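Here's the structure we're looking at; comments come further down.
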Amino acid sequence: MRELKEVQGIVFKRRKYKDTDLIVKIMTKNNGIISLIVKGAMRPKSKLNAATLNFSYGTYVIYTSGHGLSSLRTYKEVKQLDGIYDDLIKNAYASFILDLIDHAFVEYQSIGKYYDLADFAIHKINEGVDPEIITQIVQMQLLTAFGVQPELQRCLICKKAEGIFDYSIKLGGIICSDHFNDVQSRLYLKPKQTALLRTMGLVPIERLGKISLQSETKLATRKAIDRIYRETIDLNLKTKKFLDEMKFFS
């Protein structure tokens, strides 16, 4: 049974459908990822077009059955994240973050705390906070949603919580220096780099203060996180490919 419902969310994908319609995807907290058909959005005088641009956020009134394709009826108090929309680099990072969310959940599945994570992250990127750091934090904290929950608090072997650590993808978390010679699958990260991975994975993003990192450290943790995703989840996202190409040419 279909019903009218108000949802609060962020538009992150859209494509043309038929002559004047759009299909848009919106991320909401309680109703998950929703695909909406927006009738007549491409007509010259339609106000629905501007309200469903990527990185628009606000309240949308939809007609839905809780599965399949819903339809947009109207909207309230919709704003635009102009800092992201107008900046190609910020846009690329934010698009990748929301694409990860989209692939971690099925449509209409409540995403709970991960909505807050993504919402906080893209607003920080919009405000000018280093998008590379923000994205790495999201990637580390989103691993659990993909069914990969790395052990970041204690050594996987002896349960030691303090000391010098490295990360093993094969074992699924950190190991302390007492066992470095026993684990061939470790990443051989510097202690500071492993500590950063732990912090990014464990500390709520809203509690993190200003983080300023050297390029070498950011590059090392980016490569480590990319390997974790590649070897445990194996996603092939166009947004990630585009982001990597931008980094290569920058």
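FYI, nothing fancy with the structure tokens labels: chains A, B, ... in order, residues from 1 per chain, ligands from 1 as they appear.
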
Within stretch 101-248 of chain A, find each residue whose DSSP state, derived from the backbone, is alpha helix (DSSP H), and express the selection as a ChimeraX atom specification. /A:101-104,113-127,131-142,191-202,215-232,238-248

Put those residues in a file: C-alpha atoms, as a compact mmCIF listing (two decimals), in the first residue's frame.
```txt
# COMPACT_ATOMS: atom_id res chain seq x y z
CA ILE A 101 26.91 4.27 1.62
CA ASP A 102 24.78 3.33 -1.38
CA HIS A 103 26.69 0.07 -1.86
CA ALA A 104 26.78 -0.84 1.83
CA LYS A 113 24.43 6.09 12.55
CA TYR A 114 25.94 5.89 9.08
CA TYR A 115 23.58 8.62 7.93
CA ASP A 116 24.98 10.85 10.68
CA LEU A 117 28.50 9.85 9.67
CA ALA A 118 27.97 10.74 6.00
CA ASP A 119 25.97 13.87 6.79
CA PHE A 120 28.65 15.21 9.13
CA ALA A 121 31.40 14.29 6.67
CA ILE A 122 29.97 16.01 3.62
CA HIS A 123 29.08 19.13 5.59
CA LYS A 124 32.68 19.32 6.81
CA ILE A 125 33.93 18.88 3.24
CA ASN A 126 31.51 21.60 2.17
CA GLU A 127 33.03 23.90 4.83
CA PRO A 131 38.39 16.02 2.22
CA GLU A 132 41.09 13.34 2.10
CA ILE A 133 41.17 12.98 5.89
CA ILE A 134 37.37 13.09 6.16
CA THR A 135 37.01 10.41 3.49
CA GLN A 136 39.54 8.10 5.13
CA ILE A 137 37.66 8.38 8.43
CA VAL A 138 34.39 7.46 6.70
CA GLN A 139 36.03 4.52 4.95
CA MET A 140 37.43 3.13 8.19
CA GLN A 141 34.17 3.51 10.09
CA LEU A 142 32.08 2.12 7.23
CA PRO A 191 53.68 3.29 14.28
CA LYS A 192 52.17 6.76 13.70
CA GLN A 193 50.35 5.53 10.61
CA THR A 194 48.84 2.55 12.42
CA ALA A 195 47.86 4.82 15.31
CA LEU A 196 46.06 7.07 12.85
CA LEU A 197 44.14 4.13 11.36
CA ARG A 198 43.06 3.16 14.87
CA THR A 199 41.93 6.69 15.68
CA MET A 200 40.00 7.05 12.43
CA GLY A 201 38.24 3.74 12.97
CA LEU A 202 37.41 4.09 16.66
CA SER A 215 51.37 14.36 2.88
CA GLU A 216 53.48 11.25 3.48
CA THR A 217 51.23 10.10 6.33
CA LYS A 218 48.01 10.73 4.39
CA LEU A 219 49.38 8.85 1.40
CA ALA A 220 50.41 5.87 3.53
CA THR A 221 47.04 5.58 5.28
CA ARG A 222 45.19 6.07 1.98
CA LYS A 223 47.14 3.19 0.42
CA ALA A 224 46.51 1.03 3.49
CA ILE A 225 42.76 1.71 3.44
CA ASP A 226 42.61 1.10 -0.31
CA ARG A 227 44.27 -2.29 0.23
CA ILE A 228 41.86 -3.17 3.05
CA TYR A 229 38.89 -2.42 0.81
CA ARG A 230 40.38 -4.10 -2.25
CA GLU A 231 41.29 -7.31 -0.43
CA THR A 232 38.20 -7.63 1.78
CA LYS A 238 33.27 4.70 -10.78
CA THR A 239 33.44 7.44 -8.15
CA LYS A 240 36.60 5.87 -6.69
CA LYS A 241 38.20 5.54 -10.11
CA PHE A 242 37.44 9.19 -10.87
CA LEU A 243 38.82 10.28 -7.50
CA ASP A 244 42.03 8.32 -8.06
CA GLU A 245 42.44 9.86 -11.51
CA MET A 246 42.05 13.34 -10.05
CA LYS A 247 44.73 12.57 -7.44
CA PHE A 248 47.05 11.26 -10.14
```

Any idea what's packed within 7 Å of stretch 64-81 of chain A, counting only C-alpha atoms, ignoring anything in its chain fewer than 2 positions away? Could you give it as an MDAnalysis selection string? chainID A and resid 1:4 35:38 51 55:62 83:85 108 126

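The set of residues in stretch 112-211 of chain A assigned to strand (DSSP E) by DSSP, using only backbone atoms of this structure, is Phe165, Asp166, Tyr167, Ser168, Gly173, Ile174, Ile175 and Cys176 of chain A.
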
Expected file contents, prior selection, all heavy atoms, as a compact mmCIF listing (two decimals), in the first residue's frame:
```txt
# COMPACT_ATOMS: atom_id res chain seq x y z
N PHE A 165 52.12 -0.87 17.06
CA PHE A 165 51.26 -1.79 16.32
C PHE A 165 51.46 -1.66 14.82
O PHE A 165 51.91 -0.64 14.31
CB PHE A 165 49.79 -1.53 16.65
CG PHE A 165 49.43 -1.80 18.09
CD1 PHE A 165 49.48 -0.78 19.03
CD2 PHE A 165 49.03 -3.06 18.49
CE1 PHE A 165 49.15 -1.01 20.36
CE2 PHE A 165 48.69 -3.31 19.81
CZ PHE A 165 48.75 -2.28 20.74
N ASP A 166 51.09 -2.72 14.13
CA ASP A 166 50.96 -2.73 12.67
C ASP A 166 49.60 -3.34 12.35
O ASP A 166 48.88 -3.78 13.26
CB ASP A 166 52.10 -3.53 12.03
CG ASP A 166 52.27 -3.21 10.55
OD1 ASP A 166 51.48 -2.43 9.99
OD2 ASP A 166 53.22 -3.75 9.93
N TYR A 167 49.25 -3.35 11.07
CA TYR A 167 47.93 -3.84 10.66
C TYR A 167 48.10 -5.03 9.73
O TYR A 167 48.94 -5.03 8.83
CB TYR A 167 47.15 -2.74 9.93
CG TYR A 167 45.69 -3.06 9.70
CD1 TYR A 167 44.71 -2.58 10.56
CD2 TYR A 167 45.29 -3.85 8.63
CE1 TYR A 167 43.37 -2.89 10.36
CE2 TYR A 167 43.95 -4.16 8.42
CZ TYR A 167 43.00 -3.68 9.29
OH TYR A 167 41.67 -3.99 9.10
N SER A 168 47.29 -6.06 9.95
CA SER A 168 47.28 -7.24 9.09
C SER A 168 45.89 -7.40 8.46
O SER A 168 44.90 -7.60 9.19
CB SER A 168 47.63 -8.51 9.88
OG SER A 168 47.35 -9.67 9.11
N GLY A 173 43.03 -6.96 11.53
CA GLY A 173 43.19 -5.95 12.56
C GLY A 173 44.64 -5.72 12.93
O GLY A 173 45.55 -6.04 12.17
N ILE A 174 44.83 -5.17 14.13
CA ILE A 174 46.18 -4.78 14.54
C ILE A 174 46.88 -5.91 15.28
O ILE A 174 46.26 -6.76 15.92
CB ILE A 174 46.14 -3.52 15.43
CG1 ILE A 174 45.31 -3.75 16.71
CG2 ILE A 174 45.60 -2.33 14.65
CD1 ILE A 174 45.44 -2.64 17.74
N ILE A 175 48.21 -5.87 15.17
CA ILE A 175 49.07 -6.78 15.93
C ILE A 175 50.17 -5.93 16.57
O ILE A 175 50.60 -4.93 16.01
CB ILE A 175 49.69 -7.86 15.04
CG1 ILE A 175 50.40 -7.22 13.85
CG2 ILE A 175 48.64 -8.86 14.59
CD1 ILE A 175 51.23 -8.18 13.05
N CYS A 176 50.61 -6.34 17.75
CA CYS A 176 51.64 -5.57 18.45
C CYS A 176 53.03 -6.01 18.01
O CYS A 176 53.21 -7.06 17.38
CB CYS A 176 51.47 -5.68 19.96
SG CYS A 176 51.96 -7.29 20.63
```
